[in-house]
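So this block is structure31.txt, compact mmCIF, N, CA and C atoms:
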```txt
# COMPACT_ATOMS: atom_id res chain seq x y z
N LYS A 1 -8.78 -1.30 -17.65
CA LYS A 1 -7.55 -2.00 -17.32
C LYS A 1 -6.34 -1.38 -17.99
N ASN A 2 -6.53 -0.68 -19.13
CA ASN A 2 -5.38 -0.04 -19.78
C ASN A 2 -5.71 1.41 -20.10
N SER A 3 -4.66 2.18 -20.26
CA SER A 3 -4.83 3.64 -20.41
C SER A 3 -5.58 4.02 -21.68
N GLN A 4 -5.34 3.31 -22.76
CA GLN A 4 -6.00 3.66 -24.02
C GLN A 4 -7.52 3.52 -23.90
N ASP A 5 -7.96 2.42 -23.31
CA ASP A 5 -9.40 2.22 -23.15
C ASP A 5 -9.99 3.24 -22.17
N ALA A 6 -9.25 3.54 -21.11
CA ALA A 6 -9.74 4.50 -20.12
C ALA A 6 -9.94 5.87 -20.77
N VAL A 7 -8.96 6.32 -21.51
CA VAL A 7 -9.05 7.63 -22.17
C VAL A 7 -10.17 7.63 -23.21
N ARG A 8 -10.23 6.58 -24.01
CA ARG A 8 -11.26 6.49 -25.05
C ARG A 8 -12.65 6.53 -24.44
N GLU A 9 -12.84 5.82 -23.33
CA GLU A 9 -14.16 5.75 -22.71
C GLU A 9 -14.52 7.05 -21.99
N PHE A 10 -13.54 7.71 -21.36
CA PHE A 10 -13.85 8.90 -20.57
C PHE A 10 -13.92 10.18 -21.41
N ARG A 11 -13.20 10.23 -22.53
CA ARG A 11 -13.12 11.46 -23.32
C ARG A 11 -14.49 12.08 -23.65
N PRO A 12 -15.47 11.33 -24.13
CA PRO A 12 -16.75 11.99 -24.45
C PRO A 12 -17.41 12.64 -23.23
N TYR A 13 -17.25 12.02 -22.07
CA TYR A 13 -17.82 12.60 -20.85
C TYR A 13 -17.06 13.86 -20.46
N PHE A 14 -15.75 13.82 -20.57
CA PHE A 14 -14.92 15.00 -20.27
C PHE A 14 -15.25 16.13 -21.23
N ASP A 15 -15.28 15.83 -22.51
CA ASP A 15 -15.49 16.86 -23.53
C ASP A 15 -16.85 17.53 -23.42
N ASN A 16 -17.84 16.82 -22.88
CA ASN A 16 -19.19 17.37 -22.80
C ASN A 16 -19.61 17.79 -21.40
N ALA A 17 -18.71 17.65 -20.43
CA ALA A 17 -19.04 18.05 -19.06
C ALA A 17 -19.04 19.57 -18.96
N PRO A 18 -20.05 20.15 -18.31
CA PRO A 18 -20.10 21.61 -18.19
C PRO A 18 -18.85 22.19 -17.52
N VAL A 19 -18.26 21.44 -16.61
CA VAL A 19 -17.08 21.95 -15.91
C VAL A 19 -15.87 22.02 -16.83
N TYR A 20 -15.70 21.04 -17.73
CA TYR A 20 -14.51 20.97 -18.57
C TYR A 20 -14.77 21.29 -20.02
N GLY A 21 -15.94 20.92 -20.49
CA GLY A 21 -16.22 20.97 -21.91
C GLY A 21 -15.77 22.26 -22.57
N HIS A 22 -15.16 22.11 -23.69
CA HIS A 22 -14.71 23.23 -24.52
C HIS A 22 -13.59 24.03 -23.85
N GLY A 23 -12.93 23.44 -22.89
CA GLY A 23 -11.79 24.07 -22.22
C GLY A 23 -10.52 23.37 -22.64
N PRO A 24 -9.62 23.16 -21.67
CA PRO A 24 -8.38 22.47 -22.00
C PRO A 24 -8.67 21.03 -22.43
N SER A 25 -7.74 20.45 -23.16
CA SER A 25 -7.91 19.06 -23.58
C SER A 25 -7.80 18.14 -22.38
N LEU A 26 -8.30 16.94 -22.53
CA LEU A 26 -8.19 15.93 -21.47
C LEU A 26 -6.73 15.72 -21.10
N GLU A 27 -5.86 15.66 -22.10
CA GLU A 27 -4.44 15.46 -21.85
C GLU A 27 -3.84 16.61 -21.05
N ASP A 28 -4.16 17.85 -21.43
CA ASP A 28 -3.65 19.01 -20.69
C ASP A 28 -4.20 19.04 -19.27
N PHE A 29 -5.48 18.73 -19.13
CA PHE A 29 -6.10 18.79 -17.81
C PHE A 29 -5.50 17.74 -16.88
N THR A 30 -5.27 16.52 -17.39
CA THR A 30 -4.70 15.49 -16.53
C THR A 30 -3.23 15.78 -16.21
N GLU A 31 -2.56 16.48 -17.08
CA GLU A 31 -1.16 16.85 -16.81
C GLU A 31 -1.07 17.95 -15.76
N GLN A 32 -2.05 18.84 -15.73
CA GLN A 32 -1.98 20.03 -14.87
C GLN A 32 -2.78 19.92 -13.58
N THR A 33 -3.55 18.85 -13.42
CA THR A 33 -4.40 18.70 -12.23
C THR A 33 -4.27 17.27 -11.70
N PRO A 34 -4.88 16.98 -10.56
CA PRO A 34 -4.87 15.61 -10.05
C PRO A 34 -5.74 14.62 -10.84
N LEU A 35 -6.56 15.11 -11.78
CA LEU A 35 -7.40 14.18 -12.54
C LEU A 35 -6.52 13.11 -13.18
N THR A 36 -6.88 11.86 -12.96
CA THR A 36 -6.11 10.74 -13.49
C THR A 36 -7.04 9.83 -14.27
N VAL A 37 -6.72 9.66 -15.53
CA VAL A 37 -7.48 8.76 -16.40
C VAL A 37 -6.46 7.81 -17.00
N GLY A 38 -6.54 6.55 -16.59
CA GLY A 38 -5.56 5.60 -17.09
C GLY A 38 -5.69 4.25 -16.44
N SER A 39 -4.63 3.49 -16.56
CA SER A 39 -4.59 2.14 -16.00
C SER A 39 -4.45 2.21 -14.49
N PRO A 40 -4.72 1.10 -13.80
CA PRO A 40 -4.48 1.09 -12.35
C PRO A 40 -3.06 1.50 -11.99
N GLN A 41 -2.07 1.05 -12.75
CA GLN A 41 -0.68 1.42 -12.46
C GLN A 41 -0.47 2.93 -12.61
N GLN A 42 -1.09 3.54 -13.60
CA GLN A 42 -0.97 4.99 -13.76
C GLN A 42 -1.62 5.73 -12.60
N VAL A 43 -2.75 5.24 -12.13
CA VAL A 43 -3.42 5.86 -10.98
C VAL A 43 -2.52 5.75 -9.75
N ILE A 44 -1.90 4.60 -9.56
CA ILE A 44 -0.98 4.42 -8.44
C ILE A 44 0.18 5.40 -8.53
N GLU A 45 0.82 5.45 -9.67
CA GLU A 45 1.99 6.32 -9.84
C GLU A 45 1.65 7.79 -9.63
N LYS A 46 0.56 8.24 -10.22
CA LYS A 46 0.20 9.65 -10.07
C LYS A 46 -0.17 9.97 -8.62
N THR A 47 -0.94 9.07 -8.00
CA THR A 47 -1.33 9.31 -6.61
C THR A 47 -0.11 9.37 -5.71
N LEU A 48 0.83 8.48 -5.90
CA LEU A 48 2.05 8.51 -5.08
C LEU A 48 2.85 9.79 -5.31
N SER A 49 2.74 10.36 -6.50
CA SER A 49 3.48 11.60 -6.79
C SER A 49 2.91 12.80 -6.05
N PHE A 50 1.70 12.72 -5.53
CA PHE A 50 1.11 13.84 -4.81
C PHE A 50 1.92 14.20 -3.57
N ARG A 51 2.63 13.24 -3.01
CA ARG A 51 3.45 13.52 -1.83
C ARG A 51 4.55 14.52 -2.12
N GLU A 52 4.95 14.62 -3.38
CA GLU A 52 6.02 15.55 -3.74
C GLU A 52 5.65 16.99 -3.41
N TYR A 53 4.37 17.33 -3.51
CA TYR A 53 3.97 18.71 -3.20
C TYR A 53 3.05 18.80 -1.98
N ALA A 54 2.41 17.70 -1.58
CA ALA A 54 1.50 17.76 -0.44
C ALA A 54 2.12 17.21 0.83
N GLY A 55 3.25 16.55 0.73
CA GLY A 55 3.86 15.92 1.88
C GLY A 55 3.14 14.62 2.22
N ASP A 56 3.45 14.06 3.38
CA ASP A 56 2.80 12.82 3.78
C ASP A 56 1.37 13.16 4.21
N TYR A 57 0.42 12.46 3.67
CA TYR A 57 -0.98 12.71 4.02
C TYR A 57 -1.67 11.37 4.22
N GLN A 58 -2.81 11.41 4.89
CA GLN A 58 -3.48 10.17 5.29
C GLN A 58 -4.83 9.94 4.65
N ARG A 59 -5.31 10.87 3.88
CA ARG A 59 -6.62 10.70 3.25
C ARG A 59 -6.49 10.98 1.76
N GLN A 60 -7.20 10.19 0.97
CA GLN A 60 -7.23 10.39 -0.47
C GLN A 60 -8.66 10.23 -0.94
N LEU A 61 -9.17 11.21 -1.62
CA LEU A 61 -10.52 11.16 -2.15
C LEU A 61 -10.45 10.79 -3.63
N PHE A 62 -11.21 9.80 -4.02
CA PHE A 62 -11.32 9.43 -5.42
C PHE A 62 -12.75 9.71 -5.87
N LEU A 63 -12.92 10.59 -6.83
CA LEU A 63 -14.23 10.89 -7.39
C LEU A 63 -14.45 9.93 -8.55
N MET A 64 -15.36 9.02 -8.39
CA MET A 64 -15.53 7.93 -9.35
C MET A 64 -16.69 8.17 -10.33
N ASP A 65 -17.75 8.78 -9.88
CA ASP A 65 -18.93 8.96 -10.73
C ASP A 65 -18.90 10.33 -11.37
N HIS A 66 -17.84 10.59 -12.06
CA HIS A 66 -17.51 11.91 -12.56
C HIS A 66 -18.06 12.16 -13.96
N ALA A 67 -18.58 13.33 -14.17
CA ALA A 67 -18.98 13.82 -15.50
C ALA A 67 -20.06 12.98 -16.16
N GLY A 68 -20.86 12.28 -15.37
CA GLY A 68 -21.96 11.52 -15.93
C GLY A 68 -21.63 10.11 -16.37
N LEU A 69 -20.53 9.54 -15.86
CA LEU A 69 -20.19 8.16 -16.22
C LEU A 69 -21.34 7.22 -15.85
N PRO A 70 -21.57 6.21 -16.66
CA PRO A 70 -22.63 5.24 -16.34
C PRO A 70 -22.30 4.45 -15.07
N LEU A 71 -23.34 4.03 -14.36
CA LEU A 71 -23.17 3.29 -13.12
C LEU A 71 -22.30 2.05 -13.32
N LYS A 72 -22.50 1.32 -14.40
CA LYS A 72 -21.71 0.11 -14.67
C LYS A 72 -20.22 0.44 -14.69
N THR A 73 -19.85 1.52 -15.33
CA THR A 73 -18.44 1.94 -15.40
C THR A 73 -17.93 2.33 -14.03
N VAL A 74 -18.73 3.06 -13.29
CA VAL A 74 -18.33 3.49 -11.94
C VAL A 74 -18.09 2.26 -11.06
N LEU A 75 -18.98 1.29 -11.11
CA LEU A 75 -18.82 0.08 -10.29
C LEU A 75 -17.59 -0.72 -10.70
N GLU A 76 -17.31 -0.78 -11.99
CA GLU A 76 -16.09 -1.46 -12.46
C GLU A 76 -14.85 -0.74 -11.94
N GLN A 77 -14.88 0.59 -11.96
CA GLN A 77 -13.75 1.37 -11.45
C GLN A 77 -13.56 1.15 -9.95
N LEU A 78 -14.66 1.09 -9.22
CA LEU A 78 -14.57 0.85 -7.78
C LEU A 78 -13.92 -0.50 -7.49
N ASP A 79 -14.29 -1.51 -8.27
CA ASP A 79 -13.67 -2.82 -8.10
C ASP A 79 -12.17 -2.74 -8.35
N MET A 80 -11.76 -2.10 -9.44
CA MET A 80 -10.33 -1.98 -9.73
C MET A 80 -9.61 -1.18 -8.65
N LEU A 81 -10.25 -0.12 -8.18
CA LEU A 81 -9.64 0.69 -7.14
C LEU A 81 -9.40 -0.15 -5.88
N GLY A 82 -10.41 -0.89 -5.45
CA GLY A 82 -10.30 -1.67 -4.23
C GLY A 82 -9.38 -2.87 -4.37
N GLU A 83 -9.35 -3.48 -5.53
CA GLU A 83 -8.56 -4.70 -5.71
C GLU A 83 -7.13 -4.44 -6.14
N GLU A 84 -6.90 -3.41 -6.96
CA GLU A 84 -5.59 -3.23 -7.56
C GLU A 84 -4.86 -1.97 -7.10
N VAL A 85 -5.58 -0.92 -6.80
CA VAL A 85 -4.94 0.36 -6.52
C VAL A 85 -4.71 0.59 -5.03
N VAL A 86 -5.77 0.52 -4.25
CA VAL A 86 -5.67 0.86 -2.82
C VAL A 86 -4.67 -0.02 -2.07
N PRO A 87 -4.64 -1.34 -2.29
CA PRO A 87 -3.65 -2.13 -1.56
C PRO A 87 -2.21 -1.67 -1.82
N VAL A 88 -1.91 -1.33 -3.05
CA VAL A 88 -0.56 -0.87 -3.38
C VAL A 88 -0.29 0.50 -2.76
N LEU A 89 -1.27 1.39 -2.83
CA LEU A 89 -1.09 2.71 -2.23
C LEU A 89 -0.86 2.60 -0.72
N ARG A 90 -1.64 1.77 -0.05
CA ARG A 90 -1.44 1.59 1.40
C ARG A 90 -0.03 1.11 1.70
N GLU A 91 0.41 0.13 0.95
CA GLU A 91 1.75 -0.43 1.16
C GLU A 91 2.83 0.63 0.91
N GLU A 92 2.72 1.34 -0.18
CA GLU A 92 3.74 2.34 -0.54
C GLU A 92 3.75 3.52 0.43
N PHE A 93 2.56 3.99 0.81
CA PHE A 93 2.51 5.10 1.76
C PHE A 93 3.07 4.68 3.12
N ALA A 94 2.79 3.45 3.54
CA ALA A 94 3.31 2.97 4.82
C ALA A 94 4.83 2.86 4.80
N LYS A 95 5.39 2.44 3.67
CA LYS A 95 6.85 2.28 3.56
C LYS A 95 7.60 3.58 3.80
N ASN A 96 7.07 4.65 3.30
CA ASN A 96 7.78 5.92 3.33
C ASN A 96 7.27 6.90 4.38
N ARG A 97 6.35 6.46 5.21
CA ARG A 97 5.78 7.35 6.21
C ARG A 97 6.80 7.62 7.31
N PRO A 98 7.04 8.89 7.61
CA PRO A 98 7.95 9.21 8.71
C PRO A 98 7.46 8.62 10.03
N ALA A 99 8.37 8.31 10.92
CA ALA A 99 8.04 7.67 12.19
C ALA A 99 7.10 8.50 13.05
N ASP A 100 7.14 9.82 12.90
CA ASP A 100 6.30 10.68 13.74
C ASP A 100 4.88 10.86 13.20
N VAL A 101 4.58 10.25 12.07
CA VAL A 101 3.24 10.36 11.50
C VAL A 101 2.46 9.11 11.89
N PRO A 102 1.33 9.27 12.61
CA PRO A 102 0.57 8.10 13.06
C PRO A 102 -0.11 7.39 11.89
N ASP A 103 -0.49 6.15 12.14
CA ASP A 103 -1.27 5.42 11.15
C ASP A 103 -2.59 6.13 10.92
N ALA A 104 -3.08 6.09 9.71
CA ALA A 104 -4.39 6.65 9.42
C ALA A 104 -5.45 5.79 10.07
N PRO A 105 -6.50 6.38 10.60
CA PRO A 105 -7.57 5.58 11.19
C PRO A 105 -8.26 4.75 10.11
N THR A 106 -8.63 3.56 10.47
CA THR A 106 -9.39 2.68 9.59
C THR A 106 -10.70 2.32 10.28
N HIS A 107 -11.58 1.71 9.56
CA HIS A 107 -12.84 1.28 10.18
C HIS A 107 -12.53 0.34 11.35
N GLN A 108 -11.60 -0.58 11.13
CA GLN A 108 -11.24 -1.55 12.16
C GLN A 108 -10.67 -0.86 13.40
N SER A 109 -9.77 0.11 13.21
CA SER A 109 -9.18 0.78 14.38
C SER A 109 -10.22 1.65 15.11
N LEU A 110 -11.10 2.26 14.38
CA LEU A 110 -12.12 3.11 15.01
C LEU A 110 -13.14 2.28 15.79
N THR A 111 -13.56 1.14 15.23
CA THR A 111 -14.52 0.32 15.96
C THR A 111 -13.86 -0.32 17.19
N ALA A 112 -12.60 -0.68 17.08
CA ALA A 112 -11.89 -1.23 18.24
C ALA A 112 -11.77 -0.17 19.34
N ALA A 113 -11.48 1.06 18.95
CA ALA A 113 -11.38 2.14 19.93
C ALA A 113 -12.73 2.41 20.58
N ALA A 114 -13.81 2.34 19.81
CA ALA A 114 -15.15 2.55 20.36
C ALA A 114 -15.50 1.45 21.36
N ARG A 115 -15.13 0.21 21.04
CA ARG A 115 -15.40 -0.90 21.96
C ARG A 115 -14.62 -0.73 23.25
N THR A 116 -13.39 -0.29 23.13
CA THR A 116 -12.56 -0.06 24.31
C THR A 116 -13.16 1.05 25.17
N LYS A 117 -13.62 2.10 24.52
CA LYS A 117 -14.23 3.23 25.23
C LYS A 117 -15.50 2.79 25.95
N GLU A 118 -16.31 1.96 25.28
CA GLU A 118 -17.54 1.46 25.90
C GLU A 118 -17.23 0.57 27.11
N ALA A 119 -16.17 -0.22 26.99
CA ALA A 119 -15.82 -1.14 28.07
C ALA A 119 -15.34 -0.37 29.31
N VAL A 120 -14.71 0.79 29.10
CA VAL A 120 -14.21 1.61 30.20
C VAL A 120 -15.34 2.39 30.85
N ALA A 121 -16.33 2.78 30.08
CA ALA A 121 -17.42 3.62 30.58
C ALA A 121 -18.39 2.90 31.46
```
Could I get this structure in the form of structure tokens?
Amino acid sequence: KNSQDAVREFRPYFDNAPVYGHGPSLEDFTEQTPLTVGSPQQVIEKTLSFREYAGDYQRQLFLMDHAGLPLKTVLEQLDMLGEEVVPVLREEFAKNRPADVPDAPTHQSLTAAARTKEAVA
């Protein structure tokens, strides 16, 4: 829920991960890459900043079970992502989306389109 706990909990996994271990510090890595370790608000802010260099985009991948995190931690993160982060990101991305960029497909829109296609066939 807060950045201090997130960093404290993730640091041992980062420091010992074969991909990162003994390389740049967690702080340097999060500053120089999309890796985000922090509060839900920090995840929201950093994710929204990706538009500055990537432009408007419709898909975002979140790697949750990273560097050997325990399942309990991953599930807690998924809950926070779904309850606190994604709704805000959807709202913010929709606010600033140019008129010529279509809505991103959702499960609901895809299943509705499939039903329509079946009804026509």
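Compared by their closest atoms to Ile44 in chain A, and using all atoms listed in the file, the residues A:Val86, A:Met64, A:Ala104, A:Ala114 rank with A:Val86 nearest.
For the pair atom N of Lys1 in chain A and atom N of Lys72 in chain A, the interatomic distance is 14.3 Å.
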If I take CA of Leu78 in chain A and atom N of Gln60 in chain A, how far is one from the other in Å, to one decimal?
14.8 Å
For Pro40 in chain A, the closest of A:Asn2, A:Asp103, A:Ala112, A:Val19 counting all atoms listed in the file is A:Asn2
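Minimum atom-to-atom distance to Asp56 in chain A, evaluated using only C-alpha atoms, belongs to A:Asp100 out of A:Asp100, A:Glu9, A:Asp15, A:Asp28.
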Using only C-alpha atoms, find the one residue out of A:Ala17, A:Val7, A:Leu26, A:Leu89 that sits nearest to Arg59 in chain A.
A:Leu89
What does the distance between CA of Phe14 in chain A and CA of Ala67 in chain A come to in Å, to one decimal place?
6.4 Å
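Using all atoms listed in the file for every distance, the candidate list A:Ala94, A:Tyr13, A:Gly23, A:Arg115 yields A:Tyr13 as the residue closest to Leu69 in chain A.
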